Amino acid sequence: QTFIDDDHFLAITGAFAAIFNSSGRVFWGHMCDVFGYRFCMGMVTALISILYSTLYFTEFGSKVLYAVWIWMIFFSFCGNFVLLPTASAICFGTKYSSKNYGLVMTGSAAAAPIIAVLTQGLSPIVGYLGMFIIIACFSAVSLLLTLCFPKNPSPKKIIDRLSRGY
């Protein structure tokens, strides 16, 4: 952000963002227990897409509006870290769930340096708004992929499908 010159306010916003992050994990865990992975991940990806596509425009509001947007992003984004282990266990079973989830997170770790390089190259060209739109688009693609996720996945169904070749 470039429009708030109050470091104290930004520090408080960041501190409260950590509270929203931790409380969001409890919230998304409960929601997943009630509504299931597919619905919750759909909500998370939709919220992230909406919040990032509109974050740039908080500049035209108040400092409080910016803080609320940051808190909502932290509250939403943390759902990934609750829902992805659940999806891994649902799809592949619980016997090797920690290893399977580790592989899922390895993709994020491998992507991090690539994202850093791309961000350094793209941000001077497209600016903050462009970067926010790119993030929102990736989240929207994640929403579409989530909609393709089976309603009732099971390790047996996945293995059967793979053995048939499709």
# chains A, B, ... in the order shown; residues from 1 in each chain; ligands from 1
$ residues_around --residues "segment 128-131 of chain A" --least-positions-apart "3" --cutoff "8 Å" --atoms "only C-alpha atoms" --output "list in words"
Ser53, Tyr56, Thr119, Leu122, Ser123, Ile134 and Ile135 of chain A
$ closest_residue --among "A:Phe92, A:Asp6, A:Thr45, A:Lys99" --to "Lys157 of chain A" --atoms "only C-alpha atoms"
A:Phe92
$ residues_around --residues "Leu10 of chain A" --least-positions-apart "4" --cutoff "10 Å" --atoms "only C-alpha atoms" --output "list in words"
Gln1, Ile4, Asp5, Asp6, Gly14, Ala15, Phe16, Lys63, Tyr66 and Ala67 of chain A
$ residues_around --residues "Met41 of chain A" --least-positions-apart "3" --cutoff "12 Å" --atoms "only C-alpha atoms" --output "mmCIF file with C-alpha atoms, in the first residue's frame"
data_model
loop_
_atom_site.group_PDB
_atom_site.id
_atom_site.type_symbol
_atom_site.label_atom_id
_atom_site.label_comp_id
_atom_site.auth_asym_id
_atom_site.auth_seq_id
_atom_site.Cartn_x
_atom_site.Cartn_y
_atom_site.Cartn_z
ATOM 1 C CA TRP A 28 -12.806 -22.808 8.154
ATOM 2 C CA GLY A 29 -12.166 -26.042 10.037
ATOM 3 C CA MET A 31 -17.192 -24.939 8.198
ATOM 4 C CA CYS A 32 -15.453 -27.887 6.515
ATOM 5 C CA PHE A 35 -20.365 -28.232 4.745
ATOM 6 C CA GLY A 36 -17.431 -30.241 3.378
ATOM 7 C CA TYR A 37 -14.277 -29.412 1.483
ATOM 8 C CA ARG A 38 -15.707 -28.485 -1.897
ATOM 9 C CA VAL A 44 -12.289 -19.344 0.098
ATOM 10 C CA THR A 45 -11.248 -18.997 -3.539
ATOM 11 C CA ALA A 46 -14.252 -16.805 -4.402
ATOM 12 C CA LEU A 47 -13.580 -14.520 -1.428
ATOM 13 C CA ILE A 48 -9.883 -14.220 -2.243
ATOM 14 C CA SER A 76 -10.051 -16.080 3.948
ATOM 15 C CA PHE A 77 -6.588 -17.099 2.792
ATOM 16 C CA CYS A 78 -5.834 -19.148 5.900
ATOM 17 C CA GLY A 79 -8.620 -21.518 4.866
ATOM 18 C CA ASN A 80 -6.174 -23.059 2.403
ATOM 19 C CA PHE A 81 -4.035 -24.358 5.250
ATOM 20 C CA VAL A 82 -7.037 -26.011 6.874
ATOM 21 C CA LEU A 83 -8.781 -27.299 3.763
ATOM 22 C CA LEU A 84 -5.850 -28.681 1.743
ATOM 23 C CA PRO A 85 -4.822 -31.270 4.367
ATOM 24 C CA THR A 86 -8.472 -32.311 4.541
ATOM 25 C CA ALA A 87 -8.679 -32.738 0.771
ATOM 26 C CA SER A 139 -7.840 -17.571 -7.413
ATOM 27 C CA ALA A 140 -10.769 -17.619 -9.860
ATOM 28 C CA SER A 142 -8.720 -22.252 -8.405
ATOM 29 C CA LEU A 143 -12.450 -21.791 -7.911
ATOM 30 C CA LEU A 144 -13.122 -23.429 -11.285
ATOM 31 C CA LEU A 145 -10.816 -26.316 -10.390
ATOM 32 C CA THR A 146 -12.582 -26.677 -7.046
ATOM 33 C CA LEU A 147 -15.902 -26.992 -8.840
ATOM 34 C CA CYS A 148 -14.396 -29.937 -10.764
ATOM 35 C CA PHE A 149 -13.479 -31.653 -7.482
#
